[in-house]
file coords.txt (compact mmCIF, C-alpha atoms)
# COMPACT_ATOMS: atom_id res chain seq x y z
CA MET A 1 -135.29 8.22 -189.38
CA THR A 2 -138.53 10.03 -188.59
CA PRO A 3 -141.84 8.23 -189.17
CA ALA A 4 -144.31 9.99 -191.41
CA SER A 5 -147.19 9.16 -189.09
CA ASP A 6 -148.04 11.35 -186.12
CA ARG A 7 -149.03 8.30 -184.08
CA LEU A 8 -146.75 6.72 -181.52
CA PRO A 9 -145.54 3.21 -182.49
CA LEU A 10 -146.87 1.72 -179.27
CA SER A 11 -146.01 -1.92 -179.93
CA GLY A 12 -142.31 -1.21 -180.34
CA LEU A 13 -142.24 1.34 -177.53
CA LEU A 14 -143.91 -1.14 -175.17
CA ALA A 15 -141.23 -3.70 -176.06
CA LEU A 16 -138.64 -1.11 -174.99
CA ALA A 17 -140.61 -0.49 -171.80
CA ALA A 18 -140.58 -4.22 -171.09
CA ALA A 19 -136.81 -4.22 -171.57
CA GLY A 20 -136.51 -1.45 -169.00
CA PHE A 21 -138.80 -3.43 -166.69
CA VAL A 22 -136.53 -6.47 -166.82
CA THR A 23 -133.43 -4.31 -166.34
CA ILE A 24 -134.71 -2.46 -163.29
CA LEU A 25 -136.13 -5.63 -161.77
CA THR A 26 -132.85 -7.48 -162.23
CA GLU A 27 -130.93 -4.58 -160.73
CA ALA A 28 -133.15 -3.59 -157.80
CA LEU A 29 -134.85 -6.81 -156.70
CA PRO A 30 -132.08 -7.63 -154.18
CA ALA A 31 -133.05 -4.49 -152.22
CA GLY A 32 -136.25 -6.19 -151.07
CA LEU A 33 -134.58 -9.55 -150.41
CA LEU A 34 -131.31 -8.60 -148.67
CA PRO A 35 -132.04 -10.53 -145.45
CA GLN A 36 -132.82 -13.75 -147.35
CA ILE A 37 -129.88 -13.38 -149.73
CA GLY A 38 -127.51 -12.67 -146.86
CA ARG A 39 -128.68 -15.73 -144.91
CA SER A 40 -128.47 -17.94 -148.01
CA PHE A 41 -124.78 -17.12 -148.53
CA GLY A 42 -123.87 -16.54 -144.90
CA VAL A 43 -122.97 -12.87 -145.35
CA SER A 44 -124.18 -9.61 -143.79
CA GLU A 45 -126.90 -7.43 -145.32
CA ALA A 46 -124.29 -4.76 -146.09
CA LEU A 47 -122.22 -7.30 -148.02
CA ALA A 48 -125.30 -8.72 -149.75
CA GLY A 49 -126.08 -5.15 -150.81
CA GLN A 50 -122.95 -5.25 -152.96
CA TRP A 51 -124.97 -7.32 -155.42
CA VAL A 52 -126.33 -3.92 -156.43
CA SER A 53 -122.93 -2.24 -156.58
CA VAL A 54 -121.36 -5.04 -158.67
CA PHE A 55 -124.28 -4.92 -161.11
CA ALA A 56 -123.82 -1.17 -161.39
CA LEU A 57 -120.07 -1.58 -161.81
CA GLY A 58 -120.65 -3.81 -164.84
CA SER A 59 -122.94 -1.16 -166.34
CA LEU A 60 -120.67 1.80 -165.78
CA LEU A 61 -117.57 -0.02 -167.08
CA ALA A 62 -119.35 -1.39 -170.17
CA ALA A 63 -121.73 1.37 -171.27
CA ILE A 64 -119.35 3.75 -173.04
CA PRO A 65 -116.82 1.28 -174.55
CA LEU A 66 -119.50 -1.18 -175.68
CA THR A 67 -121.67 1.56 -177.15
CA ALA A 68 -118.67 3.10 -178.93
CA ALA A 69 -117.53 -0.28 -180.26
CA THR A 70 -120.97 -1.16 -181.61
CA ARG A 71 -122.03 2.21 -183.08
CA GLN A 72 -122.08 0.75 -186.60
CA TRP A 73 -124.03 -2.37 -185.63
CA ARG A 74 -127.71 -2.73 -186.39
CA ARG A 75 -129.80 -1.85 -183.36
CA ARG A 76 -132.28 -4.71 -182.91
CA PRO A 77 -129.78 -7.61 -182.76
CA LEU A 78 -127.73 -5.58 -180.31
CA LEU A 79 -130.73 -4.95 -178.08
CA ILE A 80 -131.79 -8.61 -178.18
CA GLY A 81 -128.23 -9.61 -177.26
CA ALA A 82 -128.45 -7.42 -174.17
CA ILE A 83 -131.72 -9.09 -173.16
CA ALA A 84 -130.12 -12.52 -173.62
CA GLY A 85 -127.43 -11.41 -171.18
CA PHE A 86 -130.11 -10.91 -168.51
CA ALA A 87 -131.48 -14.41 -169.11
CA VAL A 88 -128.04 -15.96 -168.58
CA ALA A 89 -127.07 -13.78 -165.60
CA ASN A 90 -130.31 -14.28 -163.69
CA LEU A 91 -130.34 -18.04 -164.24
CA LEU A 92 -126.73 -18.32 -163.03
CA THR A 93 -127.55 -16.15 -160.02
CA ALA A 94 -130.41 -18.47 -159.09
CA MET A 95 -128.42 -21.68 -159.57
CA THR A 96 -125.14 -20.97 -157.78
CA ASP A 97 -124.29 -21.63 -154.13
CA SER A 98 -121.13 -19.51 -154.32
CA PHE A 99 -121.32 -15.84 -153.34
CA VAL A 100 -118.32 -15.09 -155.59
CA VAL A 101 -120.01 -16.72 -158.60
CA SER A 102 -123.19 -14.79 -157.82
CA LEU A 103 -121.19 -11.56 -157.93
CA ILE A 104 -119.78 -12.54 -161.34
CA ALA A 105 -123.30 -13.24 -162.61
CA ARG A 106 -124.45 -9.87 -161.31
CA PHE A 107 -121.54 -8.19 -163.11
CA VAL A 108 -122.58 -9.87 -166.40
CA GLY A 109 -126.13 -8.63 -165.85
CA GLY A 110 -124.75 -5.14 -165.30
CA VAL A 111 -122.81 -5.25 -168.57
CA SER A 112 -126.05 -6.13 -170.38
CA ALA A 113 -127.84 -3.30 -168.60
CA GLY A 114 -125.17 -0.77 -169.56
CA LEU A 115 -125.58 -1.59 -173.24
CA LEU A 116 -129.37 -1.71 -173.08
CA TRP A 117 -129.81 1.67 -171.37
CA ALA A 118 -127.42 3.27 -173.84
CA LEU A 119 -129.61 2.04 -176.71
CA LEU A 120 -133.07 2.57 -175.27
CA ALA A 121 -133.51 6.35 -175.50
CA GLY A 122 -132.06 6.69 -178.99
CA TYR A 123 -134.22 3.78 -180.15
CA ALA A 124 -137.37 5.45 -178.83
CA LEU A 125 -136.50 8.79 -180.45
CA ARG A 126 -135.92 7.16 -183.84
CA MET A 127 -139.29 5.42 -183.69
CA ALA A 128 -141.37 8.51 -182.91
CA PRO A 129 -142.27 11.83 -184.61
CA ASP A 130 -140.03 14.68 -183.48
CA ARG A 131 -142.83 16.60 -181.78
CA MET A 132 -143.74 13.52 -179.70
CA ALA A 133 -140.21 12.65 -178.62
CA GLY A 134 -140.89 13.24 -174.93
CA ARG A 135 -144.02 11.08 -174.97
CA ALA A 136 -142.17 8.30 -176.78
CA MET A 137 -139.43 8.49 -174.17
CA ALA A 138 -142.01 8.35 -171.38
CA VAL A 139 -143.58 5.19 -172.83
CA ALA A 140 -140.19 3.57 -173.34
CA MET A 141 -139.23 4.44 -169.76
CA ALA A 142 -142.54 3.24 -168.28
CA GLY A 143 -140.91 -0.07 -167.43
CA THR A 144 -138.99 1.63 -164.63
CA PRO A 145 -141.96 2.64 -162.46
CA LEU A 146 -143.81 -0.55 -163.39
CA ALA A 147 -140.85 -2.56 -162.12
CA LEU A 148 -140.80 -0.49 -158.95
CA CYS A 149 -144.61 -0.49 -158.57
CA ILE A 150 -145.41 -4.09 -159.49
CA GLY A 151 -142.20 -6.01 -160.13
CA ILE A 152 -140.18 -5.31 -156.97
CA PRO A 153 -143.09 -5.74 -154.51
CA ALA A 154 -144.27 -8.86 -156.36
CA GLY A 155 -140.73 -10.22 -156.55
CA THR A 156 -140.22 -9.49 -152.86
CA MET A 157 -143.45 -11.31 -151.98
CA LEU A 158 -142.51 -14.22 -154.24
CA GLY A 159 -139.06 -14.33 -152.68
CA ASN A 160 -140.58 -14.42 -149.20
CA LEU A 161 -143.01 -17.18 -150.16
CA ALA A 162 -140.96 -19.37 -152.48
CA GLY A 163 -137.37 -18.24 -151.96
CA TRP A 164 -135.32 -15.57 -153.68
CA ARG A 165 -133.92 -18.09 -156.17
CA THR A 166 -137.39 -18.69 -157.60
CA ALA A 167 -137.76 -14.98 -158.29
CA PHE A 168 -134.53 -14.92 -160.30
CA VAL A 169 -135.47 -18.03 -162.31
CA LEU A 170 -138.72 -16.29 -163.23
CA LEU A 171 -136.77 -13.19 -164.27
CA SER A 172 -134.64 -15.31 -166.60
CA ALA A 173 -137.76 -16.79 -168.21
CA ILE A 174 -139.26 -13.31 -168.71
CA ALA A 175 -136.06 -12.19 -170.46
CA VAL A 176 -136.29 -15.12 -172.89
CA MET A 177 -139.91 -14.27 -173.73
CA LEU A 178 -139.01 -10.61 -174.21
CA ALA A 179 -136.23 -11.50 -176.67
CA CYS A 180 -138.82 -13.42 -178.72
CA TRP A 181 -141.24 -10.45 -178.61
CA MET A 182 -138.55 -8.04 -179.80
CA THR A 183 -137.64 -10.34 -182.67
CA LEU A 184 -141.24 -10.26 -183.87
CA ARG A 185 -142.42 -6.74 -183.06
CA LEU A 186 -139.49 -4.32 -182.78
CA PRO A 187 -138.36 -2.46 -185.94
CA ASP A 188 -134.68 -2.56 -186.77
CA PHE A 189 -132.45 0.46 -187.43
CA PRO A 190 -128.95 0.79 -188.87
CA GLY A 191 -126.04 1.93 -186.77
CA GLU A 192 -124.25 5.26 -187.15
CA ASP A 193 -122.29 6.16 -190.28
CA ALA A 194 -118.59 5.76 -189.46
CA VAL A 195 -117.74 8.91 -191.44
CA ASP A 196 -120.10 11.33 -189.67
CA ARG A 197 -120.03 10.18 -186.07
CA PRO A 198 -118.34 12.54 -183.57
CA SER A 199 -115.77 11.36 -181.04
CA LEU A 200 -116.54 10.73 -177.38
CA GLY A 201 -114.66 13.89 -176.45
CA ARG A 202 -116.72 16.06 -178.82
CA VAL A 203 -119.96 14.68 -177.36
CA PHE A 204 -118.76 15.23 -173.78
CA VAL A 205 -117.97 18.92 -174.33
CA LEU A 206 -121.38 19.75 -175.82
CA PRO A 207 -122.82 22.62 -173.69
CA SER A 208 -125.68 20.72 -172.06
CA VAL A 209 -124.18 17.26 -171.59
CA ARG A 210 -121.95 17.77 -168.54
CA PRO A 211 -124.58 19.49 -166.32
CA VAL A 212 -126.99 16.63 -167.00
CA LEU A 213 -124.27 14.13 -166.06
CA LEU A 214 -123.59 15.89 -162.74
CA LEU A 215 -127.30 16.17 -161.97
CA THR A 216 -127.77 12.49 -162.77
CA LEU A 217 -124.87 11.48 -160.54
CA ALA A 218 -126.07 13.46 -157.50
CA PHE A 219 -129.78 12.63 -157.85
CA VAL A 220 -129.38 8.90 -158.46
CA LEU A 221 -126.70 8.55 -155.77
CA ALA A 222 -129.15 10.03 -153.25
CA HIS A 223 -131.83 7.60 -154.43
CA ASN A 224 -129.67 4.51 -154.16
CA ILE A 225 -128.23 5.31 -150.75
CA LEU A 226 -131.84 5.05 -149.53
CA TYR A 227 -133.34 2.45 -151.87
CA THR A 228 -130.59 -0.17 -151.59
CA TYR A 229 -130.91 -0.14 -147.80
CA ILE A 230 -134.67 0.26 -147.52
CA ALA A 231 -134.83 -2.85 -145.30
CA PRO A 232 -132.67 -1.44 -142.47
CA LEU A 233 -134.33 1.97 -142.88
CA LEU A 234 -137.73 0.39 -142.26
CA ALA A 235 -136.35 -1.69 -139.39
CA ARG A 236 -135.27 1.62 -137.78
CA ALA A 237 -138.88 2.80 -138.12
CA SER A 238 -140.13 -0.48 -136.54
CA MET A 239 -141.64 -1.55 -139.90
CA PRO A 240 -139.43 -4.48 -141.00
CA ALA A 241 -142.38 -6.55 -142.22
CA GLN A 242 -143.76 -3.79 -144.47
CA ILE A 243 -140.99 -3.59 -147.10
CA ASP A 244 -143.21 -4.83 -149.93
CA ARG A 245 -146.02 -2.39 -149.05
CA VAL A 246 -143.71 0.60 -148.76
CA LEU A 247 -142.12 -0.30 -152.10
CA LEU A 248 -145.60 -0.63 -153.57
CA ALA A 249 -146.50 2.89 -152.41
CA PHE A 250 -143.22 4.17 -153.88
CA GLY A 251 -143.86 2.38 -157.17
CA VAL A 252 -147.47 3.52 -157.58
CA ALA A 253 -146.38 7.11 -157.02
CA GLY A 254 -143.57 6.56 -159.52
CA LEU A 255 -146.06 5.34 -162.10
CA VAL A 256 -148.15 8.48 -161.61
CA SER A 257 -144.99 10.54 -161.95
CA ILE A 258 -143.95 9.02 -165.26
CA VAL A 259 -147.45 9.53 -166.73
CA LEU A 260 -147.39 13.21 -165.76
CA THR A 261 -143.81 13.52 -166.97
CA GLY A 262 -144.75 12.08 -170.35
CA MET A 263 -147.48 14.70 -170.70
CA LEU A 264 -145.28 17.66 -169.71
CA VAL A 265 -141.65 16.90 -170.50
CA ASP A 266 -141.70 18.32 -174.03
CA ARG A 267 -142.70 21.75 -172.64
CA HIS A 268 -141.61 21.94 -169.00
CA LEU A 269 -138.32 20.09 -168.60
CA ARG A 270 -136.72 22.46 -166.09
CA LEU A 271 -139.88 22.78 -163.98
CA LEU A 272 -140.24 19.00 -163.77
CA THR A 273 -136.62 18.70 -162.68
CA GLY A 274 -137.06 21.20 -159.86
CA ILE A 275 -140.29 19.64 -158.64
CA GLY A 276 -138.68 16.18 -158.65
CA ILE A 277 -135.76 17.34 -156.53
CA ALA A 278 -138.05 19.16 -154.08
CA LEU A 279 -140.34 16.14 -153.65
CA PHE A 280 -137.43 13.78 -153.12
CA ALA A 281 -135.86 16.16 -150.58
CA SER A 282 -139.12 16.33 -148.63
CA ALA A 283 -139.17 12.52 -148.53
CA ALA A 284 -135.59 12.39 -147.24
CA MET A 285 -136.45 14.88 -144.50
CA LEU A 286 -139.38 12.73 -143.40
CA LEU A 287 -137.19 9.63 -143.31
CA ALA A 288 -134.56 11.49 -141.29
CA ALA A 289 -137.13 12.35 -138.61
CA PRO A 290 -138.51 9.83 -136.09
CA VAL A 291 -141.85 9.59 -137.91
CA GLY A 292 -144.36 6.76 -137.59
CA ALA A 293 -145.85 4.56 -140.27
CA ILE A 294 -147.94 7.36 -141.80
CA GLY A 295 -144.83 9.51 -142.19
CA VAL A 296 -142.92 6.66 -143.82
CA TYR A 297 -145.69 6.03 -146.34
CA ALA A 298 -145.95 9.78 -147.04
CA ALA A 299 -142.20 9.80 -147.64
CA ALA A 300 -142.51 6.81 -150.00
CA VAL A 301 -145.19 8.59 -152.04
CA ALA A 302 -143.23 11.87 -152.25
CA TRP A 303 -140.09 9.94 -153.14
CA GLY A 304 -141.87 8.02 -155.89
CA LEU A 305 -143.41 11.19 -157.33
CA GLY A 306 -140.01 12.88 -157.32
CA PHE A 307 -138.02 9.98 -158.74
CA GLY A 308 -140.47 8.28 -161.09
CA GLY A 309 -140.00 10.62 -164.04
CA ALA A 310 -136.26 11.13 -163.53
CA ALA A 311 -135.12 8.71 -166.23
CA THR A 312 -137.41 10.33 -168.78
CA VAL A 313 -136.35 13.88 -167.85
CA LEU A 314 -132.62 13.20 -167.75
CA GLN A 315 -132.48 11.04 -170.86
CA THR A 316 -134.68 13.43 -172.84
CA ALA A 317 -132.39 16.34 -171.93
CA SER A 318 -129.28 14.32 -172.76
CA ALA A 319 -130.63 13.01 -176.07
CA HIS A 320 -131.66 16.45 -177.30
CA ALA A 321 -128.38 18.01 -176.19
CA ALA A 322 -126.38 15.40 -178.14
CA GLY A 323 -128.55 15.32 -181.27
CA ALA A 324 -127.41 12.64 -183.70
CA SER A 325 -124.98 11.27 -181.11
CA ALA A 326 -127.76 10.41 -178.67
CA ASP A 327 -126.55 6.84 -178.14
CA ILE A 328 -123.13 7.99 -176.93
CA ALA A 329 -124.70 10.66 -174.70
CA GLN A 330 -127.00 7.99 -173.28
CA ALA A 331 -123.98 5.77 -172.62
CA MET A 332 -122.51 8.62 -170.58
CA ILE A 333 -125.79 8.99 -168.68
CA VAL A 334 -125.79 5.22 -168.08
CA THR A 335 -122.23 5.44 -166.77
CA ALA A 336 -123.10 8.30 -164.40
CA TRP A 337 -126.33 6.55 -163.35
CA ASN A 338 -124.60 3.30 -162.55
CA LEU A 339 -121.65 4.98 -160.89
CA ALA A 340 -124.30 6.48 -158.63
CA ILE A 341 -125.90 3.07 -158.07
CA ALA A 342 -122.57 1.47 -157.20
CA GLY A 343 -121.65 4.46 -155.07
CA GLY A 344 -124.99 4.30 -153.30
CA ALA A 345 -124.51 0.66 -152.40
CA VAL A 346 -120.92 1.20 -151.20
CA ALA A 347 -121.47 4.53 -149.42
CA GLY A 348 -124.77 3.37 -147.96
CA GLY A 349 -123.16 0.18 -146.67
CA TYR A 350 -120.37 2.21 -145.07
CA LEU A 351 -122.83 4.63 -143.44
CA LEU A 352 -125.04 1.76 -142.30
CA ASP A 353 -122.18 -0.13 -140.65
CA GLY A 354 -120.47 2.95 -139.22
CA PHE A 355 -123.31 5.27 -138.22
CA GLY A 356 -126.57 3.33 -138.51
CA ALA A 357 -129.55 3.68 -140.82
CA GLY A 358 -130.35 7.16 -139.48
CA ALA A 359 -127.37 8.62 -141.38
CA LEU A 360 -128.70 7.57 -144.79
CA PRO A 361 -131.41 10.26 -145.27
CA TRP A 362 -128.97 13.03 -144.27
CA ALA A 363 -126.47 11.89 -146.89
CA ALA A 364 -129.27 11.88 -149.46
CA LEU A 365 -130.26 15.45 -148.52
CA LEU A 366 -126.70 16.68 -149.05
CA LEU A 367 -126.61 15.15 -152.51
CA LEU A 368 -130.01 16.57 -153.39
CA ALA A 369 -128.70 20.02 -152.51
CA VAL A 370 -125.96 19.50 -155.11
CA ALA A 371 -128.58 18.37 -157.63
CA GLY A 372 -130.73 21.41 -156.93
CA ILE A 373 -127.87 23.86 -157.38
CA THR A 374 -126.86 22.17 -160.65
CA ALA A 375 -130.43 22.34 -161.96
CA LEU A 376 -130.80 26.02 -161.08
CA LYS A 377 -127.50 27.03 -162.67
CA SER A 378 -127.34 24.82 -165.72
CA LEU A 379 -130.61 23.34 -166.95
CA LYS A 380 -131.91 26.57 -168.44
CA VAL A 381 -129.59 25.88 -171.36
CA VAL A 382 -130.91 22.33 -171.70
CA ALA A 383 -134.53 23.49 -171.61
CA ILE A 384 -133.89 26.03 -174.36
CA THR A 385 -132.33 23.41 -176.61
CA ILE A 386 -135.54 21.36 -176.32

call {"tool": "encode", "arguments": {"input": "coords.txt", "output": "structure tokens"}}
result
Amino acid sequence: MTPASDRLPLSGLLALAAAGFVTILTEALPAGLLPQIGRSFGVSEALAGQWVSVFALGSLLAAIPLTAATRQWRRRPLLIGAIAGFAVANLLTAMTDSFVVSLIARFVGGVSAGLLWALLAGYALRMAPDRMAGRAMAVAMAGTPLALCIGIPAGTMLGNLAGWRTAFVLLSAIAVMLACWMTLRLPDFPGEDAVDRPSLGRVFVLPSVRPVLLLTLAFVLAHNILYTYIAPLLARASMPAQIDRVLLAFGVAGLVSIVLTGMLVDRHLRLLTGIGIALFASAAMLLAAPVGAIGVYAAAVAWGLGFGGAATVLQTASAHAAGASADIAQAMIVTAWNLAIAGGAVAGGYLLDGFGAGALPWAALLLLAVAGITALKSLKVVAITI
């Protein structure tokens, strides 16, 4: 369905952005509150960091099978159901005193996130004119940098002032309000026709899909090895009390990045990918060196500029490569993305315990080298298809 108007349907796209905001905030908020969460349950920061990996595990296990099973379902009820999952998961997380139960709640939240991310890009593309697809995607993905810029620092500050449980109760309330907003303002779309839809295997072997999956895996794994363990990284730099401010610098830069990405992605996909990798690599090199506070903040800004537009770039490339099967391609991206998140939490925890925080930036640099090689060799095909 392509709207006749050449104007972006901002109300609906902003509802999608808000959904992304809630998803990212639910997923990443523990990164700023690991010390408090660990003390609350009597576990180490490395073990508390597995809140992130369990959330990601739910997403990567659920994204493809849930998306495939619901391809014929109408889109809006499905999206609202995913948001309701966040409300339940965050409330249970806030209420329980059991670390095991908290992990189960995080897994449920991850399942909701896997379904939501698989729907989001295809929803945005169906709402917008073809020639404005990249801009629509950028608006729909704006919730990611806003969560990182405003939500995570604000949630971290709230957690420090009122306790981490209060932050998760508030997240649950926001999810309920968002479900109401979507019911009123988001257009509905039918699911895919059962006769015409291609199989998972046919989507996977499309020429541009697999390179985007590998690039996503390497790039996001590098990000999460650093982001999940930002607290010990900053402790290494003698800045343990500045987590919220460093995350704010990262988030503001990410917001700038997604605005620029929205303006350029329809014409310069490959260039944006290369610049993002280069900026992120420069940030990792700064964090690997014994730099002072100025160097850390410079790294946060470069990192935010490099990572902020990544969701828009990768999902735009994947959606265009898959055509009418965009939802399934997005489910594959979600699976790769969350495999990288889970892998980042697990690998980062292993590196932190075994080698110290100083090993984390070097691991990220190795992965970014893989991402760079993949982009150079493969994304020319993706760019041409767009």

call {"tool": "atom_distance", "arguments": {"input": "coords.txt", "atom1": "CA of Thr312 in chain A", "atom2": "CA of Ala222 in chain A"}}
result
17.6 Å

call {"tool": "residues_around", "arguments": {"input": "coords.txt", "residues": "Ala359 in chain A", "least_positions_apart": "6", "cutoff": "10 Å", "atoms": "all atoms listed in the file", "output": "number ranges by chain"}}
result
A: 225-226, 233, 288, 348, 351-352

call {"tool": "residues_around", "arguments": {"input": "coords.txt", "residues": "Ala138 in chain A", "least_positions_apart": "6", "cutoff": "8 Å", "atoms": "only C-alpha atoms", "output": "PyMOL selection string"}}
result
chain A and resi 258-259+261-262+309+312

call {"tool": "residues_near_point", "arguments": {"input": "coords.txt", "point": "(-115.6, 1.3, -174.8)", "cutoff": "12 Å", "atoms": "all atoms listed in the file", "output": "PyMOL selection string"}}
result
chain A and resi 59-71+111+114-115+199-200+328+331-332+335

call {"tool": "closest_residue", "arguments": {"input": "coords.txt", "among": "A:Ala113, A:Ala342, A:Ala31, A:Ala253", "to": "Gly81 in chain A", "atoms": "only C-alpha atoms"}}
result
A:Ala113

call {"tool": "closest_residue", "arguments": {"input": "coords.txt", "among": "A:Gly20, A:Gly251, A:Pro361, A:Gly344", "to": "Val139 in chain A", "atoms": "only C-alpha atoms"}}
result
A:Gly20

call {"tool": "residues_around", "arguments": {"input": "coords.txt", "residues": "Leu171 in chain A", "least_positions_apart": "6", "cutoff": "12 Å", "atoms": "only C-alpha atoms", "output": "number ranges by chain"}}
result
A: 18-19, 21-27, 29, 83-94, 109, 147, 151-152, 154-155, 158-159, 164-165, 177-178

call {"tool": "atom_distance", "arguments": {"input": "coords.txt", "atom1": "CA of Leu260 in chain A", "atom2": "CA of Val334 in chain A"}}
result
23.1 Å

call {"tool": "closest_atom_pairs", "arguments": {"input": "coords.txt", "of": "range 28-89 of chain A", "to": "range 96-100 of chain A", "cutoff": "9 Å", "atoms": "all atoms listed in the file", "output": "JSON lines"}}
result
{"residue": "A:Ser40", "atom": "CA", "partner": "A:Asp97", "partner_atom": "CA", "distance": 8.3}
{"residue": "A:Phe41", "atom": "CA", "partner": "A:Phe99", "partner_atom": "CA", "distance": 6.1}
{"residue": "A:Gly42", "atom": "CA", "partner": "A:Phe99", "partner_atom": "CA", "distance": 8.8}
{"residue": "A:Val43", "atom": "CA", "partner": "A:Phe99", "partner_atom": "CA", "distance": 8.7}
{"residue": "A:Ala48", "atom": "CA", "partner": "A:Phe99", "partner_atom": "CA", "distance": 8.9}

call {"tool": "atom_distance", "arguments": {"input": "coords.txt", "atom1": "CA of Ala278 in chain A", "atom2": "CA of Thr374 in chain A"}}
result
13.3 Å

call {"tool": "closest_residue", "arguments": {"input": "coords.txt", "among": "A:Ala310, A:Ala293, A:Val256, A:Leu8", "to": "Gly276 in chain A", "atoms": "all atoms listed in the file"}}
result
A:Ala310

call {"tool": "residues_around", "arguments": {"input": "coords.txt", "residues": "Ala340 in chain A", "least_positions_apart": "5", "cutoff": "9 Å", "atoms": "all atoms listed in the file", "output": "PDB file with C-alpha atoms, keeping the file's coordinate frame"}}
result
ATOM      1  CA  ALA A  56    -123.820  -1.170-161.390  1.00  0.00           C
ATOM      2  CA  THR A 216    -127.770  12.490-162.770  1.00  0.00           C
ATOM      3  CA  LEU A 217    -124.870  11.480-160.540  1.00  0.00           C
ATOM      4  CA  ALA A 218    -126.070  13.460-157.500  1.00  0.00           C
ATOM      5  CA  PHE A 219    -129.780  12.630-157.850  1.00  0.00           C
ATOM      6  CA  VAL A 220    -129.380   8.900-158.460  1.00  0.00           C
ATOM      7  CA  LEU A 221    -126.700   8.550-155.770  1.00  0.00           C
ATOM      8  CA  ALA A 222    -129.150  10.030-153.250  1.00  0.00           C
ATOM      9  CA  HIS A 223    -131.830   7.600-154.430  1.00  0.00           C
ATOM     10  CA  ASN A 224    -129.670   4.510-154.160  1.00  0.00           C
ATOM     11  CA  ILE A 225    -128.230   5.310-150.750  1.00  0.00           C
ATOM     12  CA  THR A 335    -122.230   5.440-166.770  1.00  0.00           C
ATOM     13  CA  ALA A 345    -124.510   0.660-152.400  1.00  0.00           C
TER      14      ALA A 345
END
